[in-house]
Amino acid sequence: MTPDSSASDDEPTIGNRMDRLEEIAETLEAGEIDLDTAKELRIEADEHLSALRDELDVDGETADIELADPEPSK
Amino acid sequence: MDSVPDEVAEGASLDVSTDTWSVAQVNDEIKTVLADASNRFSRYVIGEIADISQYDFAAFFDLADTDAEARISCLAWANSIDKFDHELEAGVTAVVEASVDHYPEQGRTQLIVHDYWPVGESQRVEELEQLRTTLSEEGAFDEQAKQPLPTTPRQLGVVTSPSGSAREDVVSTIGQRWPLASVCLCGASVQGDSAVADLVGAIQQLEHDPTIEVIIVTRGGGADATLWCFNEEPVVRTIMTCTTPVVVAVGHEDDATLAERVADKRAMTPTAAGVVTTPDVETLQETADAVERRIEGAYTALVEERLTTLADRIEAGVTAVEQATETRDVTRQRVVDLDRRVTMAYETLVTNRLTALDRRIDDATQAIEQTAATEQASMTAARGRVDDLEARIERAYTQTAEAQLQTIDQRISVAYRDIEADTKVQTSQAETQRLRAVIAVLIVLLLLVGGVALVLLL
């Protein structure tokens, strides 16, 4: 997934989380890590999944805004 | 139609059965009037071709007088189209040979086109081509100039007509696909005189909002001629210079407007614009579920594989320890056996050596005893010889002494006789005494020699 333009430095976006989860899955599937690292990745994946589901459960809103005085046409 | 009297407008005395017409009557009357006045219309009409819909039996299109925003529907039957020297082409200013007709069923007046020929590209088309060329040279259409759309936008801005169906289409599509996103709608005219200024203002307003991650500029269906504002340079350049990704969806399938060409993404309809700017939350959730299953499966497999490996290693270790224990026991038994063998061998060896030594000592003792016996015999023999020698010495001494004594005696007798005969008797006596002393010494010497010989023999 491409990075979201709204991504802040300290809070991963949905896209970042999905990318990281994919990365974790590939690392675990490769099976070339020790058990401690695997456990850490598993915990990190659970955190991302939990945060992801929380984020996906939020509903947005629709707002109409007034059109400001238009700038003169070029 | 007669003018409506004031009393009718006010709902006063009006005979509905006689003073009013049905719609059909109106349409029929229009058709009749038009037919009667057909000679009042020119056979040739000039305008810009737009909104062509072609079917096997006929083609429908509009002829627009763009300066006055006037337009009229046209119908060309297939047999007429077959006679055309040119293909119908939207945006082209053309002359049509036509007659005016009215369809009472729809209350629509239109031109029945019998012939058609372009009179050259319109001024606007020329300007459009010039702008298209300029933008192309500037690289505005290059793929490298396109910005990627955010994959999971939280805030979308939509520029569209506040009253059209496009608004509802795009909002509902976004809501269904990506309900967590918020939509900021900025209404703008999408056709007509104010469209360019409205579109530019709305796009810039959303562009200046830092929370907006993507801008959708869209409109619902409509005539192709009304799309012209999306070819206007201010609109096109405003979209081109947006730092926020822009999607344009104005539904002109045949020939993209310049706004669509410079946009970061083009979509056909408001619904399609909602689709291209948002992920499907259900798909995303399914993807997350799939990734979760992959992670769980991979983790479980990895742990099980590691545990199996560890179990195998432990099993191998236990086996190795057992084998080492067995080896150690065997070695220990060998040590015990060797100890026993060494002890026995040592004892045997020592015993044998001691026995041999004992035997050698016995032999040596016997040999010594034999030697002692032999030496005893030798001593005995030696003693006998000593005795013999002593006897021989004694005899020899005695003989010698007697001979000496006889000699001396003779000499003494001679001397005595001399002394006696001579006055020197005294001297002879003295000599005699001296000789006797010598003899005594000799005897002592002989005894000593005999003793020494005896000692040597022993």
# chains A, B, ... in the order shown; residues from 1 in each chain; ligands from 1
call {"tool": "select_by_dssp", "arguments": {"residues": "segment 117-294 of chain B", "states": "strand (DSSP E)", "output": "PyMOL selection string"}}
result
chain B and resi 117-121+155-160+182-187+214-218+246-249+265-266
call {"tool": "write_last_selection", "arguments": {"atoms": "C-alpha atoms", "output": "JSON list (two decimals), in the first residue's frame"}}
result
[["chain", "number", "residue", "atom", "x", "y", "z"],
["B", 117, "TRP", "CA", -21.49, 18.85, -43.37],
["B", 118, "PRO", "CA", -18.88, 20.41, -41.09],
["B", 119, "VAL", "CA", -17.93, 24.01, -41.73],
["B", 120, "GLY", "CA", -14.55, 23.77, -40.04],
["B", 121, "GLU", "CA", -13.50, 23.48, -36.37],
["B", 155, "GLN", "CA", -10.86, 13.13, 4.89],
["B", 156, "LEU", "CA", -12.05, 13.55, 1.31],
["B", 157, "GLY", "CA", -13.10, 16.75, -0.37],
["B", 158, "VAL", "CA", -15.78, 16.68, -3.07],
["B", 159, "VAL", "CA", -16.49, 19.45, -5.54],
["B", 160, "THR", "CA", -19.81, 18.97, -7.27],
["B", 182, "SER", "CA", -15.32, 12.01, 6.47],
["B", 183, "VAL", "CA", -16.48, 13.84, 3.37],
["B", 184, "CYS", "CA", -16.23, 17.59, 2.98],
["B", 185, "LEU", "CA", -18.62, 18.71, 0.24],
["B", 186, "CYS", "CA", -18.00, 21.98, -1.50],
["B", 187, "GLY", "CA", -20.82, 22.87, -3.84],
["B", 214, "VAL", "CA", -7.85, 13.78, -1.82],
["B", 215, "ILE", "CA", -10.16, 16.00, -3.87],
["B", 216, "ILE", "CA", -12.89, 14.66, -6.13],
["B", 217, "VAL", "CA", -14.24, 16.94, -8.84],
["B", 218, "THR", "CA", -17.33, 15.39, -10.32],
["B", 246, "VAL", "CA", -7.25, 15.26, -7.51],
["B", 247, "VAL", "CA", -9.68, 12.84, -9.14],
["B", 248, "VAL", "CA", -11.90, 14.18, -11.92],
["B", 249, "ALA", "CA", -15.04, 12.30, -12.87],
["B", 265, "LYS", "CA", -6.79, 10.04, -11.61],
["B", 266, "ARG", "CA", -9.75, 9.97, -13.97]]
call {"tool": "interface_residues", "arguments": {"of": "chain B", "to": "chain A", "cutoff": "9 Å", "atoms": "only C-alpha atoms", "output": "JSON, numbers by chain"}}
result
{"B": [148, 149, 150, 151, 152, 153, 154, 155, 162, 171, 175, 178, 179, 180, 181, 182, 183, 184, 185, 186, 187, 188, 196, 197, 198, 199, 200, 201, 202, 204, 205, 210, 211, 212, 213, 233, 234, 235, 237, 244, 281, 284, 285, 287, 288, 289, 291, 292, 294, 295, 296, 297, 298, 299, 301, 302, 303, 306]}
call {"tool": "atom_distance", "arguments": {"atom1": "atom CA of Gly139 of chain B", "atom2": "atom CA of Arg261 of chain B"}}
result
11.0 Å
call {"tool": "select_by_dssp", "arguments": {"residues": "segment 36-132 of chain B", "states": "alpha helix (DSSP H)", "output": "JSON, numbers by chain"}}
result
{"B": [36, 78, 79, 80, 81, 123, 124, 125, 126, 127, 128, 129, 130, 131, 132]}
call {"tool": "atom_distance", "arguments": {"atom1": "atom CA of Ile174 of chain B", "atom2": "atom CA of Glu282 of chain B"}}
result
12.7 Å
call {"tool": "residues_around", "arguments": {"residues": "Ala263 of chain B", "least_positions_apart": "6", "cutoff": "9 Å", "atoms": "only C-alpha atoms", "output": "PyMOL selection string"}}
result
chain B and resi 140-141+146-147+236+239-240+245-248
call {"tool": "write_last_selection", "arguments": {"atoms": "C-alpha atoms", "output": "PDB file, in the first residue's frame"}}
result
ATOM      1  CA  ALA B 140       1.033  18.045 -17.570  1.00  0.00           C
ATOM      2  CA  PHE B 141      -0.214  14.767 -19.036  1.00  0.00           C
ATOM      3  CA  LYS B 146       0.607  12.199 -11.314  1.00  0.00           C
ATOM      4  CA  GLN B 147       0.445  11.973  -7.558  1.00  0.00           C
ATOM      5  CA  VAL B 236      -7.263  22.833 -15.700  1.00  0.00           C
ATOM      6  CA  ILE B 239      -6.191  21.061 -10.793  1.00  0.00           C
ATOM      7  CA  MET B 240      -2.700  20.760 -12.231  1.00  0.00           C
ATOM      8  CA  PRO B 245      -4.260  14.500  -5.268  1.00  0.00           C
ATOM      9  CA  VAL B 246      -7.252  15.256  -7.512  1.00  0.00           C
ATOM     10  CA  VAL B 247      -9.683  12.844  -9.137  1.00  0.00           C
ATOM     11  CA  VAL B 248     -11.901  14.180 -11.924  1.00  0.00           C
TER      12      VAL B 248
END
call {"tool": "atom_distance", "arguments": {"atom1": "atom CA of Ile112 of chain B", "atom2": "atom CA of Val100 of chain B"}}
result
6.3 Å
call {"tool": "closest_residue", "arguments": {"among": "B:Val335, B:Gly220, B:Gln130, B:Arg340", "to": "Leu258 of chain B", "atoms": "only C-alpha atoms"}}
result
B:Gln130
call {"tool": "decode", "arguments": {"residues": "segment 154-301 of chain B", "atoms": "C-alpha atoms", "output": "PDB file, in the first residue's frame"}}
result
ATOM      1  CA  ARG B 154      -9.691   9.861   6.405  1.00  0.00           C
ATOM      2  CA  GLN B 155     -10.858  13.128   4.889  1.00  0.00           C
ATOM      3  CA  LEU B 156     -12.055  13.547   1.313  1.00  0.00           C
ATOM      4  CA  GLY B 157     -13.102  16.753  -0.368  1.00  0.00           C
ATOM      5  CA  VAL B 158     -15.781  16.677  -3.073  1.00  0.00           C
ATOM      6  CA  VAL B 159     -16.486  19.451  -5.537  1.00  0.00           C
ATOM      7  CA  THR B 160     -19.807  18.966  -7.269  1.00  0.00           C
ATOM      8  CA  SER B 161     -23.165  20.502  -7.862  1.00  0.00           C
ATOM      9  CA  PRO B 162     -24.983  20.880  -4.546  1.00  0.00           C
ATOM     10  CA  SER B 163     -28.246  19.808  -6.149  1.00  0.00           C
ATOM     11  CA  GLY B 164     -27.266  17.044  -8.520  1.00  0.00           C
ATOM     12  CA  SER B 165     -27.403  13.287  -8.048  1.00  0.00           C
ATOM     13  CA  ALA B 166     -23.610  13.204  -8.230  1.00  0.00           C
ATOM     14  CA  ARG B 167     -23.419  14.464  -4.685  1.00  0.00           C
ATOM     15  CA  GLU B 168     -25.494  11.602  -3.342  1.00  0.00           C
ATOM     16  CA  ASP B 169     -23.734   9.044  -5.546  1.00  0.00           C
ATOM     17  CA  VAL B 170     -20.251   9.937  -4.412  1.00  0.00           C
ATOM     18  CA  VAL B 171     -21.158  10.336  -0.735  1.00  0.00           C
ATOM     19  CA  SER B 172     -23.081   7.065  -0.576  1.00  0.00           C
ATOM     20  CA  THR B 173     -20.317   5.200  -2.389  1.00  0.00           C
ATOM     21  CA  ILE B 174     -17.690   6.507   0.012  1.00  0.00           C
ATOM     22  CA  GLY B 175     -19.951   5.761   2.978  1.00  0.00           C
ATOM     23  CA  GLN B 176     -20.530   2.197   1.876  1.00  0.00           C
ATOM     24  CA  ARG B 177     -16.959   1.416   0.952  1.00  0.00           C
ATOM     25  CA  TRP B 178     -15.078   3.409   3.555  1.00  0.00           C
ATOM     26  CA  PRO B 179     -17.427   4.474   6.359  1.00  0.00           C
ATOM     27  CA  LEU B 180     -14.648   5.768   8.590  1.00  0.00           C
ATOM     28  CA  ALA B 181     -13.845   8.549   6.120  1.00  0.00           C
ATOM     29  CA  SER B 182     -15.323  12.006   6.467  1.00  0.00           C
ATOM     30  CA  VAL B 183     -16.476  13.844   3.373  1.00  0.00           C
ATOM     31  CA  CYS B 184     -16.230  17.591   2.981  1.00  0.00           C
ATOM     32  CA  LEU B 185     -18.620  18.707   0.240  1.00  0.00           C
ATOM     33  CA  CYS B 186     -17.996  21.979  -1.498  1.00  0.00           C
ATOM     34  CA  GLY B 187     -20.824  22.873  -3.844  1.00  0.00           C
ATOM     35  CA  ALA B 188     -20.032  24.495  -7.165  1.00  0.00           C
ATOM     36  CA  SER B 189     -21.729  25.043 -10.477  1.00  0.00           C
ATOM     37  CA  VAL B 190     -20.467  22.486 -12.964  1.00  0.00           C
ATOM     38  CA  GLN B 191     -21.910  24.094 -16.033  1.00  0.00           C
ATOM     39  CA  GLY B 192     -22.913  27.527 -17.167  1.00  0.00           C
ATOM     40  CA  ASP B 193     -21.287  30.897 -16.893  1.00  0.00           C
ATOM     41  CA  SER B 194     -20.262  30.664 -13.253  1.00  0.00           C
ATOM     42  CA  ALA B 195     -18.892  27.117 -13.508  1.00  0.00           C
ATOM     43  CA  VAL B 196     -15.260  28.052 -14.115  1.00  0.00           C
ATOM     44  CA  ALA B 197     -15.041  30.484 -11.217  1.00  0.00           C
ATOM     45  CA  ASP B 198     -16.997  28.143  -8.937  1.00  0.00           C
ATOM     46  CA  LEU B 199     -14.865  25.140  -9.761  1.00  0.00           C
ATOM     47  CA  VAL B 200     -11.617  27.050  -9.320  1.00  0.00           C
ATOM     48  CA  GLY B 201     -12.771  28.496  -5.988  1.00  0.00           C
ATOM     49  CA  ALA B 202     -14.039  25.182  -4.634  1.00  0.00           C
ATOM     50  CA  ILE B 203     -10.933  23.260  -5.641  1.00  0.00           C
ATOM     51  CA  GLN B 204      -8.658  25.906  -4.137  1.00  0.00           C
ATOM     52  CA  GLN B 205     -10.706  25.980  -0.943  1.00  0.00           C
ATOM     53  CA  LEU B 206     -10.291  22.254  -0.462  1.00  0.00           C
ATOM     54  CA  GLU B 207      -6.653  22.441  -1.528  1.00  0.00           C
ATOM     55  CA  HIS B 208      -6.006  24.941   1.257  1.00  0.00           C
ATOM     56  CA  ASP B 209      -7.552  22.622   3.862  1.00  0.00           C
ATOM     57  CA  PRO B 210      -4.635  20.575   5.225  1.00  0.00           C
ATOM     58  CA  THR B 211      -6.939  17.828   6.494  1.00  0.00           C
ATOM     59  CA  ILE B 212      -8.190  16.994   2.988  1.00  0.00           C
ATOM     60  CA  GLU B 213      -6.242  14.049   1.614  1.00  0.00           C
ATOM     61  CA  VAL B 214      -7.849  13.777  -1.816  1.00  0.00           C
ATOM     62  CA  ILE B 215     -10.157  16.000  -3.874  1.00  0.00           C
ATOM     63  CA  ILE B 216     -12.893  14.658  -6.126  1.00  0.00           C
ATOM     64  CA  VAL B 217     -14.245  16.936  -8.838  1.00  0.00           C
ATOM     65  CA  THR B 218     -17.335  15.392 -10.324  1.00  0.00           C
ATOM     66  CA  ARG B 219     -20.706  15.938 -11.912  1.00  0.00           C
ATOM     67  CA  GLY B 220     -23.656  13.810 -12.954  1.00  0.00           C
ATOM     68  CA  GLY B 221     -24.792  13.106 -16.477  1.00  0.00           C
ATOM     69  CA  GLY B 222     -25.382  15.932 -18.864  1.00  0.00           C
ATOM     70  CA  ALA B 223     -24.832  17.195 -22.336  1.00  0.00           C
ATOM     71  CA  ASP B 224     -21.319  17.103 -23.732  1.00  0.00           C
ATOM     72  CA  ALA B 225     -21.514  20.782 -24.526  1.00  0.00           C
ATOM     73  CA  THR B 226     -21.870  21.576 -20.839  1.00  0.00           C
ATOM     74  CA  LEU B 227     -18.536  19.889 -20.177  1.00  0.00           C
ATOM     75  CA  TRP B 228     -16.677  22.774 -21.716  1.00  0.00           C
ATOM     76  CA  CYS B 229     -15.846  24.330 -18.365  1.00  0.00           C
ATOM     77  CA  PHE B 230     -13.611  21.308 -17.676  1.00  0.00           C
ATOM     78  CA  ASN B 231     -11.505  22.341 -20.649  1.00  0.00           C
ATOM     79  CA  GLU B 232     -11.123  25.906 -19.471  1.00  0.00           C
ATOM     80  CA  GLU B 233      -7.541  26.812 -18.637  1.00  0.00           C
ATOM     81  CA  PRO B 234      -8.199  28.223 -15.123  1.00  0.00           C
ATOM     82  CA  VAL B 235      -9.899  24.998 -14.055  1.00  0.00           C
ATOM     83  CA  VAL B 236      -7.263  22.833 -15.700  1.00  0.00           C
ATOM     84  CA  ARG B 237      -4.333  24.757 -14.210  1.00  0.00           C
ATOM     85  CA  THR B 238      -5.922  24.849 -10.764  1.00  0.00           C
ATOM     86  CA  ILE B 239      -6.191  21.061 -10.793  1.00  0.00           C
ATOM     87  CA  MET B 240      -2.700  20.760 -12.231  1.00  0.00           C
ATOM     88  CA  THR B 241      -1.114  22.798  -9.437  1.00  0.00           C
ATOM     89  CA  CYS B 242      -2.944  21.095  -6.564  1.00  0.00           C
ATOM     90  CA  THR B 243      -0.610  19.464  -4.060  1.00  0.00           C
ATOM     91  CA  THR B 244      -3.546  17.386  -2.898  1.00  0.00           C
ATOM     92  CA  PRO B 245      -4.260  14.500  -5.268  1.00  0.00           C
ATOM     93  CA  VAL B 246      -7.252  15.256  -7.512  1.00  0.00           C
ATOM     94  CA  VAL B 247      -9.683  12.844  -9.137  1.00  0.00           C
ATOM     95  CA  VAL B 248     -11.901  14.180 -11.924  1.00  0.00           C
ATOM     96  CA  ALA B 249     -15.035  12.299 -12.867  1.00  0.00           C
ATOM     97  CA  VAL B 250     -17.202  14.130 -15.376  1.00  0.00           C
ATOM     98  CA  GLY B 251     -18.426  11.164 -17.372  1.00  0.00           C
ATOM     99  CA  HIS B 252     -17.204  12.007 -20.840  1.00  0.00           C
ATOM    100  CA  GLU B 253     -16.219   8.642 -22.070  1.00  0.00           C
ATOM    101  CA  ASP B 254     -15.270   9.307 -25.673  1.00  0.00           C
ATOM    102  CA  ASP B 255     -12.861  12.188 -25.285  1.00  0.00           C
ATOM    103  CA  ALA B 256     -11.303  13.127 -21.990  1.00  0.00           C
ATOM    104  CA  THR B 257     -11.501  16.756 -20.998  1.00  0.00           C
ATOM    105  CA  LEU B 258      -8.284  18.541 -20.169  1.00  0.00           C
ATOM    106  CA  ALA B 259      -9.261  18.544 -16.507  1.00  0.00           C
ATOM    107  CA  GLU B 260      -9.392  14.763 -16.616  1.00  0.00           C
ATOM    108  CA  ARG B 261      -6.096  14.591 -18.480  1.00  0.00           C
ATOM    109  CA  VAL B 262      -4.187  16.652 -15.911  1.00  0.00           C
ATOM    110  CA  ALA B 263      -5.914  15.084 -12.888  1.00  0.00           C
ATOM    111  CA  ASP B 264      -4.006  12.520 -10.870  1.00  0.00           C
ATOM    112  CA  LYS B 265      -6.788  10.044 -11.606  1.00  0.00           C
ATOM    113  CA  ARG B 266      -9.746   9.969 -13.966  1.00  0.00           C
ATOM    114  CA  ALA B 267     -13.056   8.257 -13.280  1.00  0.00           C
ATOM    115  CA  MET B 268     -16.177   7.996 -15.420  1.00  0.00           C
ATOM    116  CA  THR B 269     -18.873   8.637 -12.831  1.00  0.00           C
ATOM    117  CA  PRO B 270     -19.283  10.018  -9.317  1.00  0.00           C
ATOM    118  CA  THR B 271     -19.697   6.446  -8.090  1.00  0.00           C
ATOM    119  CA  ALA B 272     -16.479   5.405  -9.825  1.00  0.00           C
ATOM    120  CA  ALA B 273     -14.719   8.385  -8.245  1.00  0.00           C
ATOM    121  CA  GLY B 274     -15.840   7.170  -4.829  1.00  0.00           C
ATOM    122  CA  VAL B 275     -14.495   3.730  -5.666  1.00  0.00           C
ATOM    123  CA  VAL B 276     -11.059   4.842  -6.866  1.00  0.00           C
ATOM    124  CA  THR B 277     -10.481   7.117  -3.880  1.00  0.00           C
ATOM    125  CA  THR B 278     -11.418   4.677  -1.138  1.00  0.00           C
ATOM    126  CA  PRO B 279     -10.593   1.140  -0.196  1.00  0.00           C
ATOM    127  CA  ASP B 280     -13.389  -1.291   0.496  1.00  0.00           C
ATOM    128  CA  VAL B 281     -13.553  -1.659   4.251  1.00  0.00           C
ATOM    129  CA  GLU B 282     -14.873  -5.193   3.976  1.00  0.00           C
ATOM    130  CA  THR B 283     -12.022  -6.155   1.681  1.00  0.00           C
ATOM    131  CA  LEU B 284      -9.600  -4.501   4.070  1.00  0.00           C
ATOM    132  CA  GLN B 285     -11.089  -6.391   6.989  1.00  0.00           C
ATOM    133  CA  GLU B 286     -10.892  -9.617   5.003  1.00  0.00           C
ATOM    134  CA  THR B 287      -7.280  -8.810   4.202  1.00  0.00           C
ATOM    135  CA  ALA B 288      -6.596  -8.152   7.874  1.00  0.00           C
ATOM    136  CA  ASP B 289      -8.299 -11.451   8.744  1.00  0.00           C
ATOM    137  CA  ALA B 290      -6.240 -13.243   6.128  1.00  0.00           C
ATOM    138  CA  VAL B 291      -3.014 -11.676   7.403  1.00  0.00           C
ATOM    139  CA  GLU B 292      -3.999 -12.604  10.941  1.00  0.00           C
ATOM    140  CA  ARG B 293      -4.561 -16.215   9.867  1.00  0.00           C
ATOM    141  CA  ARG B 294      -1.227 -16.220   8.057  1.00  0.00           C
ATOM    142  CA  ILE B 295       0.549 -14.801  11.100  1.00  0.00           C
ATOM    143  CA  GLU B 296      -1.147 -17.243  13.438  1.00  0.00           C
ATOM    144  CA  GLY B 297      -0.406 -20.178  11.157  1.00  0.00           C
ATOM    145  CA  ALA B 298       3.179 -19.139  10.547  1.00  0.00           C
ATOM    146  CA  TYR B 299       3.771 -18.480  14.237  1.00  0.00           C
ATOM    147  CA  THR B 300       2.271 -21.813  15.262  1.00  0.00           C
ATOM    148  CA  ALA B 301       4.242 -23.638  12.601  1.00  0.00           C
TER     149      ALA B 301
END
